[in-house]
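Raw contents of my_file_35.cif, mmCIF, C-alpha atoms, pLDDT in the B column; chains and numbers go by the auth columns:
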```
data_target
loop_
_atom_site.group_PDB
_atom_site.id
_atom_site.type_symbol
_atom_site.label_atom_id
_atom_site.label_comp_id
_atom_site.label_asym_id
_atom_site.label_seq_id
_atom_site.Cartn_x
_atom_site.Cartn_y
_atom_site.Cartn_z
_atom_site.B_iso_or_equiv
_atom_site.auth_seq_id
_atom_site.auth_asym_id
ATOM 1 C CA GLY A 1 119.330 100.865 68.314 68.00 239 J
ATOM 2 C CA ALA A 2 120.591 98.209 65.899 87.00 240 J
ATOM 3 C CA VAL A 3 117.692 98.267 63.482 92.00 241 J
ATOM 4 C CA VAL A 4 117.681 96.459 60.162 95.00 242 J
ATOM 5 C CA SER A 5 115.030 97.075 57.536 96.00 243 J
ATOM 6 C CA GLN A 6 114.085 95.103 54.453 97.00 244 J
ATOM 7 C CA HIS A 7 112.261 96.175 51.358 97.00 245 J
ATOM 8 C CA PRO A 8 109.883 95.066 50.089 97.00 246 J
ATOM 9 C CA SER A 9 108.139 93.214 52.901 96.00 247 J
ATOM 10 C CA TRP A 10 106.369 91.049 50.375 96.00 248 J
ATOM 11 C CA VAL A 11 106.588 90.630 46.617 97.00 249 J
ATOM 12 C CA ILE A 12 104.831 88.566 43.999 97.00 250 J
ATOM 13 C CA CYS A 13 106.550 87.983 40.686 95.00 251 J
ATOM 14 C CA LYS A 14 106.038 85.843 37.627 96.00 252 J
ATOM 15 C CA SER A 15 108.157 82.818 36.903 97.00 253 J
ATOM 16 C CA GLY A 16 111.246 83.723 34.908 97.00 254 J
ATOM 17 C CA THR A 17 111.535 87.276 36.155 97.00 255 J
ATOM 18 C CA SER A 18 114.091 88.666 38.592 97.00 256 J
ATOM 19 C CA VAL A 19 113.397 90.341 41.889 97.00 257 J
ATOM 20 C CA LYS A 20 115.637 92.419 44.140 97.00 258 J
ATOM 21 C CA ILE A 21 115.388 92.559 47.932 97.00 259 J
ATOM 22 C CA GLU A 22 117.107 95.311 49.898 97.00 260 J
ATOM 23 C CA CYS A 23 118.509 95.037 53.391 97.00 261 J
ATOM 24 C CA ARG A 24 119.558 98.194 55.222 96.00 262 J
ATOM 25 C CA SER A 25 121.162 98.779 58.589 95.00 263 J
ATOM 26 C CA LEU A 26 119.575 102.001 59.818 95.00 264 J
ATOM 27 C CA ASP A 27 121.659 102.995 62.808 93.00 265 J
ATOM 28 C CA PHE A 28 124.895 101.050 62.593 94.00 266 J
ATOM 29 C CA GLN A 29 127.453 100.049 60.024 94.00 267 J
ATOM 30 C CA ALA A 30 127.046 96.443 59.008 92.00 268 J
ATOM 31 C CA THR A 31 130.482 95.176 58.113 90.00 269 J
ATOM 32 C CA THR A 32 128.993 91.760 57.526 91.00 270 J
ATOM 33 C CA MET A 33 125.542 90.867 56.286 94.00 271 J
ATOM 34 C CA PHE A 34 123.887 87.493 56.193 95.00 272 J
ATOM 35 C CA TRP A 35 121.049 86.227 54.042 97.00 273 J
ATOM 36 C CA TYR A 36 118.777 83.444 55.249 96.00 274 J
ATOM 37 C CA ARG A 37 115.889 81.576 53.670 96.00 275 J
ATOM 38 C CA GLN A 38 113.023 80.069 55.612 93.00 276 J
ATOM 39 C CA PHE A 39 110.459 77.657 54.183 90.00 277 J
ATOM 40 C CA PRO A 40 107.154 77.196 56.025 85.00 278 J
ATOM 41 C CA LYS A 41 107.552 75.456 59.362 82.00 279 J
ATOM 42 C CA GLN A 42 111.261 75.013 58.777 86.00 280 J
ATOM 43 C CA SER A 43 114.335 76.610 60.252 88.00 281 J
ATOM 44 C CA LEU A 44 116.261 79.535 58.878 92.00 282 J
ATOM 45 C CA MET A 45 118.941 78.314 56.523 94.00 283 J
ATOM 46 C CA LEU A 46 121.977 80.494 55.885 94.00 284 J
ATOM 47 C CA MET A 47 122.351 81.206 52.182 95.00 285 J
ATOM 48 C CA ALA A 48 125.380 83.450 52.103 94.00 286 J
ATOM 49 C CA THR A 49 127.619 85.773 54.063 92.00 287 J
ATOM 50 C CA SER A 50 128.922 89.012 52.629 90.00 288 J
ATOM 51 C CA ASN A 51 131.477 91.517 53.809 86.00 289 J
ATOM 52 C CA GLU A 52 131.272 95.063 52.546 83.00 290 J
ATOM 53 C CA GLY A 53 133.175 95.452 49.320 80.00 291 J
ATOM 54 C CA SER A 54 133.888 91.752 48.928 83.00 292 J
ATOM 55 C CA LYS A 55 132.267 88.888 47.093 86.00 293 J
ATOM 56 C CA ALA A 56 129.716 86.919 49.058 91.00 294 J
ATOM 57 C CA THR A 57 130.489 83.472 50.406 91.00 295 J
ATOM 58 C CA TYR A 58 127.696 81.060 49.578 93.00 296 J
ATOM 59 C CA GLU A 59 126.657 78.011 51.523 92.00 297 J
ATOM 60 C CA GLN A 60 126.886 74.637 49.910 90.00 298 J
ATOM 61 C CA GLY A 61 123.958 74.018 47.612 92.00 299 J
ATOM 62 C CA VAL A 62 123.103 77.691 47.078 94.00 300 J
ATOM 63 C CA GLU A 63 123.519 78.781 43.465 94.00 301 J
ATOM 64 C CA LYS A 64 125.560 81.949 43.392 92.00 302 J
ATOM 65 C CA ASP A 65 124.485 82.764 39.834 94.00 303 J
ATOM 66 C CA LYS A 66 120.842 82.544 40.824 96.00 304 J
ATOM 67 C CA PHE A 67 121.040 84.437 44.104 97.00 305 J
ATOM 68 C CA LEU A 68 123.144 87.512 43.440 95.00 306 J
ATOM 69 C CA ILE A 69 124.314 89.342 46.525 94.00 307 J
ATOM 70 C CA ASN A 70 125.772 92.810 46.505 91.00 308 J
ATOM 71 C CA HIS A 71 127.140 94.507 49.622 90.00 309 J
ATOM 72 C CA ALA A 72 128.364 97.767 48.169 83.00 310 J
ATOM 73 C CA SER A 73 128.149 99.886 51.314 91.00 311 J
ATOM 74 C CA LEU A 74 128.235 99.463 55.070 92.00 312 J
ATOM 75 C CA THR A 75 124.495 100.028 55.298 94.00 313 J
ATOM 76 C CA LEU A 76 123.079 98.284 52.262 94.00 314 J
ATOM 77 C CA SER A 77 123.060 94.762 50.904 95.00 315 J
ATOM 78 C CA THR A 78 120.860 93.452 48.122 96.00 316 J
ATOM 79 C CA LEU A 79 119.759 89.973 47.160 97.00 317 J
ATOM 80 C CA THR A 80 118.595 89.473 43.599 97.00 318 J
ATOM 81 C CA VAL A 81 116.759 86.294 42.743 97.00 319 J
ATOM 82 C CA THR A 82 117.309 85.815 39.034 96.00 320 J
ATOM 83 C CA SER A 83 114.948 83.869 36.776 96.00 321 J
ATOM 84 C CA ALA A 84 112.740 83.080 39.730 96.00 322 J
ATOM 85 C CA HIS A 85 110.740 79.876 39.819 96.00 323 J
ATOM 86 C CA PRO A 86 107.901 78.782 42.116 96.00 324 J
ATOM 87 C CA GLU A 87 110.313 76.718 44.200 95.00 325 J
ATOM 88 C CA ASP A 88 112.120 79.958 45.107 96.00 326 J
ATOM 89 C CA SER A 89 109.002 81.109 46.934 96.00 327 J
ATOM 90 C CA SER A 90 110.094 81.543 50.510 96.00 328 J
ATOM 91 C CA PHE A 91 110.673 83.975 53.354 95.00 329 J
ATOM 92 C CA TYR A 92 114.022 85.733 53.008 97.00 330 J
ATOM 93 C CA ILE A 93 115.578 87.313 56.097 96.00 331 J
ATOM 94 C CA CYS A 94 118.759 89.346 56.284 96.00 332 J
ATOM 95 C CA SER A 95 120.862 90.249 59.270 95.00 333 J
ATOM 96 C CA GLY A 96 123.625 92.741 59.802 94.00 334 J
ATOM 97 C CA SER A 97 126.650 92.515 62.045 91.00 335 J
ATOM 98 C CA PRO A 98 128.918 95.413 63.091 90.00 336 J
ATOM 99 C CA GLY A 99 131.988 93.198 63.016 80.00 337 J
ATOM 100 C CA THR A 100 133.390 90.444 60.878 78.00 338 J
ATOM 101 C CA SER A 101 132.886 87.661 63.397 78.00 339 J
ATOM 102 C CA GLY A 102 129.109 87.596 63.029 77.00 340 J
ATOM 103 C CA TYR A 103 128.841 87.422 66.797 78.00 341 J
ATOM 104 C CA GLU A 104 126.225 90.145 66.960 84.00 342 J
ATOM 105 C CA GLN A 105 123.525 89.811 64.345 90.00 343 J
ATOM 106 C CA TYR A 106 120.537 92.089 64.056 92.00 344 J
ATOM 107 C CA PHE A 107 117.746 90.690 61.953 93.00 345 J
ATOM 108 C CA GLY A 108 115.490 92.376 59.465 94.00 346 J
ATOM 109 C CA PRO A 109 111.726 91.783 59.376 94.00 347 J
ATOM 110 C CA GLY A 110 111.923 89.501 56.350 95.00 348 J
ATOM 111 C CA THR A 111 110.600 89.532 52.801 97.00 349 J
ATOM 112 C CA ARG A 112 107.938 87.128 51.616 96.00 350 J
ATOM 113 C CA LEU A 113 108.574 86.136 47.983 97.00 351 J
ATOM 114 C CA THR A 114 105.875 84.382 46.002 97.00 352 J
ATOM 115 C CA VAL A 115 106.660 83.267 42.470 97.00 353 J
ATOM 116 C CA THR A 116 103.638 82.429 40.321 96.00 354 J
ATOM 117 C CA LYS B 1 127.820 68.681 60.591 85.00 238 Y
ATOM 118 C CA GLN B 2 125.954 70.566 63.307 90.00 239 Y
ATOM 119 C CA GLU B 3 122.270 69.728 63.653 92.00 240 Y
ATOM 120 C CA VAL B 4 119.923 71.594 65.952 96.00 241 Y
ATOM 121 C CA THR B 5 116.690 69.914 66.988 96.00 242 Y
ATOM 122 C CA GLN B 6 113.803 71.451 68.874 97.00 243 Y
ATOM 123 C CA ILE B 7 111.140 69.522 70.719 95.00 244 Y
ATOM 124 C CA PRO B 8 108.190 69.775 70.715 94.00 245 Y
ATOM 125 C CA ALA B 9 107.465 71.148 67.255 94.00 246 Y
ATOM 126 C CA ALA B 10 104.230 72.652 68.530 96.00 247 Y
ATOM 127 C CA LEU B 11 102.698 73.295 71.900 96.00 248 Y
ATOM 128 C CA SER B 12 99.311 74.566 73.000 97.00 249 Y
ATOM 129 C CA VAL B 13 98.760 75.490 76.633 96.00 250 Y
ATOM 130 C CA PRO B 14 96.260 77.412 78.721 97.00 251 Y
ATOM 131 C CA GLU B 15 97.257 80.773 80.070 97.00 252 Y
ATOM 132 C CA GLY B 16 99.217 80.704 83.302 97.00 253 Y
ATOM 133 C CA GLU B 17 101.072 77.448 82.740 96.00 254 Y
ATOM 134 C CA ASN B 18 104.808 77.150 83.160 97.00 255 Y
ATOM 135 C CA LEU B 19 106.393 75.471 80.199 95.00 256 Y
ATOM 136 C CA VAL B 20 109.698 74.166 78.911 97.00 257 Y
ATOM 137 C CA LEU B 21 110.995 74.209 75.363 97.00 258 Y
ATOM 138 C CA ASN B 22 113.853 71.923 74.459 97.00 259 Y
ATOM 139 C CA CYS B 23 116.772 72.332 72.102 98.00 260 Y
ATOM 140 C CA SER B 24 119.546 69.849 71.356 98.00 261 Y
ATOM 141 C CA PHE B 25 122.647 70.116 69.186 97.00 262 Y
ATOM 142 C CA THR B 26 125.039 67.481 67.937 96.00 263 Y
ATOM 143 C CA ASP B 27 128.366 69.333 68.044 93.00 264 Y
ATOM 144 C CA SER B 28 129.331 70.820 71.403 92.00 265 Y
ATOM 145 C CA ALA B 29 132.017 73.107 69.913 92.00 266 Y
ATOM 146 C CA ILE B 30 129.820 76.204 70.063 93.00 267 Y
ATOM 147 C CA TYR B 31 130.606 79.779 71.047 92.00 268 Y
ATOM 148 C CA ASN B 32 127.148 80.522 72.348 93.00 269 Y
ATOM 149 C CA LEU B 33 123.485 79.601 72.082 96.00 270 Y
ATOM 150 C CA GLN B 34 120.622 82.001 71.509 95.00 271 Y
ATOM 151 C CA TRP B 35 116.899 81.802 71.846 97.00 272 Y
ATOM 152 C CA PHE B 36 114.816 83.907 69.484 96.00 273 Y
ATOM 153 C CA ARG B 37 111.159 84.674 69.136 96.00 274 Y
ATOM 154 C CA GLN B 38 109.519 84.921 65.722 93.00 275 Y
ATOM 155 C CA ASP B 39 105.990 86.184 65.230 92.00 276 Y
ATOM 156 C CA PRO B 40 104.114 85.014 62.100 86.00 277 Y
ATOM 157 C CA GLY B 41 105.554 86.578 58.959 82.00 278 Y
ATOM 158 C CA LYS B 42 108.042 88.611 60.953 85.00 279 Y
ATOM 159 C CA GLY B 43 111.736 88.721 61.657 87.00 280 Y
ATOM 160 C CA LEU B 44 113.532 87.543 64.770 91.00 281 Y
ATOM 161 C CA THR B 45 113.714 89.019 68.238 91.00 282 Y
ATOM 162 C CA SER B 46 116.612 87.877 70.396 91.00 283 Y
ATOM 163 C CA LEU B 47 115.430 86.723 73.810 95.00 284 Y
ATOM 164 C CA LEU B 48 118.444 85.277 75.575 96.00 285 Y
ATOM 165 C CA LEU B 49 122.060 84.542 74.741 93.00 286 Y
ATOM 166 C CA ILE B 50 124.107 82.064 76.735 95.00 287 Y
ATOM 167 C CA GLN B 51 127.857 81.989 76.322 92.00 288 Y
ATOM 168 C CA SER B 52 129.450 78.558 76.065 92.00 289 Y
ATOM 169 C CA SER B 53 130.996 79.046 79.516 93.00 290 Y
ATOM 170 C CA GLN B 54 127.677 79.914 81.143 94.00 291 Y
ATOM 171 C CA ARG B 55 124.989 77.642 82.517 95.00 292 Y
ATOM 172 C CA GLU B 56 121.951 79.884 82.339 95.00 293 Y
ATOM 173 C CA GLN B 57 120.537 83.300 81.611 96.00 294 Y
ATOM 174 C CA THR B 58 117.369 84.942 82.870 97.00 295 Y
ATOM 175 C CA SER B 59 115.221 87.750 81.568 96.00 296 Y
ATOM 176 C CA GLY B 60 111.909 88.426 83.240 97.00 297 Y
ATOM 177 C CA ARG B 61 109.735 85.342 82.973 97.00 298 Y
ATOM 178 C CA LEU B 62 112.259 83.599 80.746 98.00 299 Y
ATOM 179 C CA ASN B 63 115.092 81.379 81.858 98.00 300 Y
ATOM 180 C CA ALA B 64 117.411 79.540 79.515 97.00 301 Y
ATOM 181 C CA SER B 65 119.876 76.874 80.539 97.00 302 Y
ATOM 182 C CA LEU B 66 122.771 75.344 78.671 97.00 303 Y
ATOM 183 C CA ASP B 67 124.473 71.992 79.149 96.00 304 Y
ATOM 184 C CA LYS B 68 127.150 72.172 76.519 94.00 305 Y
ATOM 185 C CA SER B 69 128.650 68.754 77.202 93.00 306 Y
ATOM 186 C CA SER B 70 125.359 66.978 76.632 95.00 307 Y
ATOM 187 C CA GLY B 71 124.338 69.280 73.793 96.00 308 Y
ATOM 188 C CA ARG B 72 121.135 70.539 75.383 97.00 309 Y
ATOM 189 C CA SER B 73 119.408 73.769 76.204 98.00 310 Y
ATOM 190 C CA THR B 74 116.011 74.511 77.650 98.00 311 Y
ATOM 191 C CA LEU B 75 113.905 77.639 77.608 98.00 312 Y
ATOM 192 C CA TYR B 76 111.615 77.943 80.604 97.00 313 Y
ATOM 193 C CA ILE B 77 108.657 80.303 80.366 98.00 314 Y
ATOM 194 C CA ALA B 78 106.905 81.075 83.622 98.00 315 Y
ATOM 195 C CA ALA B 79 103.254 82.011 83.920 97.00 316 Y
ATOM 196 C CA SER B 80 102.616 81.948 80.183 97.00 317 Y
ATOM 197 C CA GLN B 81 100.424 84.633 78.611 97.00 318 Y
ATOM 198 C CA PRO B 82 98.556 84.805 75.281 97.00 319 Y
ATOM 199 C CA GLY B 83 101.107 87.385 74.167 96.00 320 Y
ATOM 200 C CA ASP B 84 103.784 84.693 74.405 97.00 321 Y
ATOM 201 C CA SER B 85 102.226 82.928 71.414 97.00 322 Y
ATOM 202 C CA ALA B 86 104.911 82.767 68.728 97.00 323 Y
ATOM 203 C CA THR B 87 107.566 80.469 67.315 96.00 324 Y
ATOM 204 C CA TYR B 88 110.643 80.078 69.471 97.00 325 Y
ATOM 205 C CA LEU B 89 113.901 79.360 67.692 96.00 326 Y
ATOM 206 C CA CYS B 90 117.097 78.035 69.157 97.00 327 Y
ATOM 207 C CA ALA B 91 120.384 78.771 67.374 96.00 328 Y
ATOM 208 C CA VAL B 92 124.009 77.919 68.046 96.00 329 Y
ATOM 209 C CA PHE B 93 126.877 80.137 66.990 93.00 330 Y
ATOM 210 C CA MET B 94 129.943 78.267 65.866 89.00 331 Y
ATOM 211 C CA PHE B 95 132.891 78.172 63.519 86.00 332 Y
ATOM 212 C CA SER B 96 131.983 76.023 60.556 79.00 333 Y
ATOM 213 C CA GLY B 97 133.060 75.822 56.955 74.00 334 Y
ATOM 214 C CA GLY B 98 135.790 78.398 57.415 73.00 335 Y
ATOM 215 C CA TYR B 99 133.841 81.098 59.199 77.00 336 Y
ATOM 216 C CA ASN B 100 131.399 81.796 61.997 84.00 337 Y
ATOM 217 C CA LYS B 101 127.711 81.155 61.527 90.00 338 Y
ATOM 218 C CA LEU B 102 124.394 80.776 63.316 93.00 339 Y
ATOM 219 C CA ILE B 103 122.719 77.398 62.892 94.00 340 Y
ATOM 220 C CA PHE B 104 119.030 77.307 63.689 95.00 341 Y
ATOM 221 C CA GLY B 105 116.578 74.689 64.820 95.00 342 Y
ATOM 222 C CA ALA B 106 113.173 74.413 63.168 94.00 343 Y
ATOM 223 C CA GLY B 107 111.440 76.038 66.132 95.00 344 Y
ATOM 224 C CA THR B 108 108.650 75.333 68.577 97.00 345 Y
ATOM 225 C CA ARG B 109 105.304 76.933 67.695 96.00 346 Y
ATOM 226 C CA LEU B 110 103.681 77.996 70.938 97.00 347 Y
ATOM 227 C CA ALA B 111 100.025 78.885 71.354 97.00 348 Y
ATOM 228 C CA VAL B 112 98.831 80.173 74.718 97.00 349 Y
ATOM 229 C CA HIS B 113 95.062 80.379 74.923 96.00 350 Y
ATOM 230 C CA PRO B 114 93.089 82.424 77.442 94.00 351 Y
#
```

Re-express the file's structure as structure tokens.
Amino acid sequence: GAVVSQHPSWVICKSGTSVKIECRSLDFQATTMFWYRQFPKQSLMLMATSNEGSKATYEQGVEKDKFLINHASLTLSTLTVTSAHPEDSSFYICSGSPGTSGYEQYFGPGTRLTVT
Amino acid sequence: KQEVTQIPAALSVPEGENLVLNCSFTDSAIYNLQWFRQDPGKGLTSLLLIQSSQREQTSGRLNASLDKSSGRSTLYIAASQPGDSATYLCAVFMFSGGYNKLIFGAGTRLAVHP
């Protein structure tokens, strides 16, 4: 149980275009979803936290107009990277939590984004 | 600001060795500490979770300890196997910036060779 999927698993896009990443909780309702970014050989950095039906809360230094997060249902959250640039190339991982505390987090397999 | 540090950054050992991975954190006001495994290009697998009131947790060949007051945790892996090769991440769960969050270390990349 507690499976989270992400789609796509990897994507290549051209600089200036936008790309959407989906995160789905397959067998539980994710009241809260988290989006992380991981650069090579670095730790996961929390980008934003979203509760279903509410606006996402972004971490300091993360541009909310560049990284659009939508959590429209209890099983789906999307991250859209707008006007992507090569420095946005990274590994993006989402997690879902059944509650609002974030105590239990189930992680997706990640999405590798390469911007050329 | 909470900072989580993992030492060593990388480790290469022959099969069968017992090994210790270290994690330290600067703010002891944590709810719990978790150890995760991450295979290359993959997501995270939770290995062990230690509540702030606990001293250790064990699962199979893995044993994790927590010394909250000194801000340290260790992950002990007994009789290492090539299949243990992965990156091991330590993360603390705490209230920060108005809500709860997981704060990760940069990981220890482990290679176990036959």

**Asked** Can you list, as JSON, numbers by chain, the residues that the PyMOL selection byres ((chain J) within 12 of (chain Y)) selects here?
**Response** {"J": [240, 241, 242, 243, 244, 247, 248, 270, 271, 272, 273, 274, 275, 276, 277, 278, 279, 280, 281, 282, 283, 284, 285, 286, 287, 288, 289, 295, 296, 297, 298, 328, 329, 330, 331, 332, 333, 335, 337, 338, 339, 340, 341, 342, 343, 344, 345, 346, 347, 348, 349, 350, 351]}

**Request:** Can you work out the spacing between CA of Ile307 in chain J and CA of Thr269 in chain J in Å, to one decimal?
**Result:** 14.4 Å

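For the pair CA of Asp304 in chain Y and CA of Ile287 in chain Y, the separation is 10.4 Å.
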
**Prompt:** Which residue gives the smallest distance to His245 in chain J among J:Thr352, J:Ser327, J:Ser292, J:Ser315, with all atoms listed in the file counted?
**Reply:** J:Ser315

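The space between CA of Asp264 in chain Y and CA of Gln243 in chain Y spans 14.7 Å.
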
**Request:** Decode the PyMOL selection byres ((chain Y and resi 286) around 8) for the given file into explicit residues and return them as a VMD selection string.
**Result:** chain Y and resid 269 to 272 283 to 285 287 to 288 294

**Message:** Which residues, named as in the file, does the PyMOL selection byres ((chain J and resi 264) around 10) pick out? Answer as number ranges by chain.
**Reply:** J: 239-243, 261-263, 265-268, 313-314

**Message:** Excluding Ser265 in chain Y and its own-chain neighbours fewer than 5 positions away, which residues fall within 8 Å of it when counting all atoms listed in the file? Please give them as a PyMOL selection string.
**Reply:** chain Y and resi 305-308

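Proximity of Y:Gln291, Y:Gln239, Y:Thr263, Y:Asn255 to Leu303 in chain Y, computed with only C-alpha atoms, is greatest for Y:Gln291.
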
**Residue contacts of Ser302 in chain Y (7 Å, only C-alpha atoms) excluding same-chain residues fewer than 5 positions away, as a PyMOL selection string** = chain Y and resi 292-294+310-312

Give me the box for range 290-299 of chain J as lines of an AutoDock Vina configuration file, namely the centre and edge lengths in Å to one decimal of a box along x, y and z that holds every listed atom plus 6 Å on each side.
```
center_x = 128.9
center_y = 84.7
center_z = 49.8
size_x = 21.9
size_y = 33.4
size_z = 17.5
```

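Comparing the minimum interatomic distances between Lys238 in chain Y and each of Y:Val250, Y:Ala266, Y:Val257, Y:Val349, counting all atoms listed in the file, we find that Y:Ala266 sits nearest.
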
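Distances here use all atoms listed in the file; by that measure, the residue among Y:Ser333, Y:Ser322, Y:Ser317, Y:Asn300 closest to Gly253 in chain Y is Y:Ser317.
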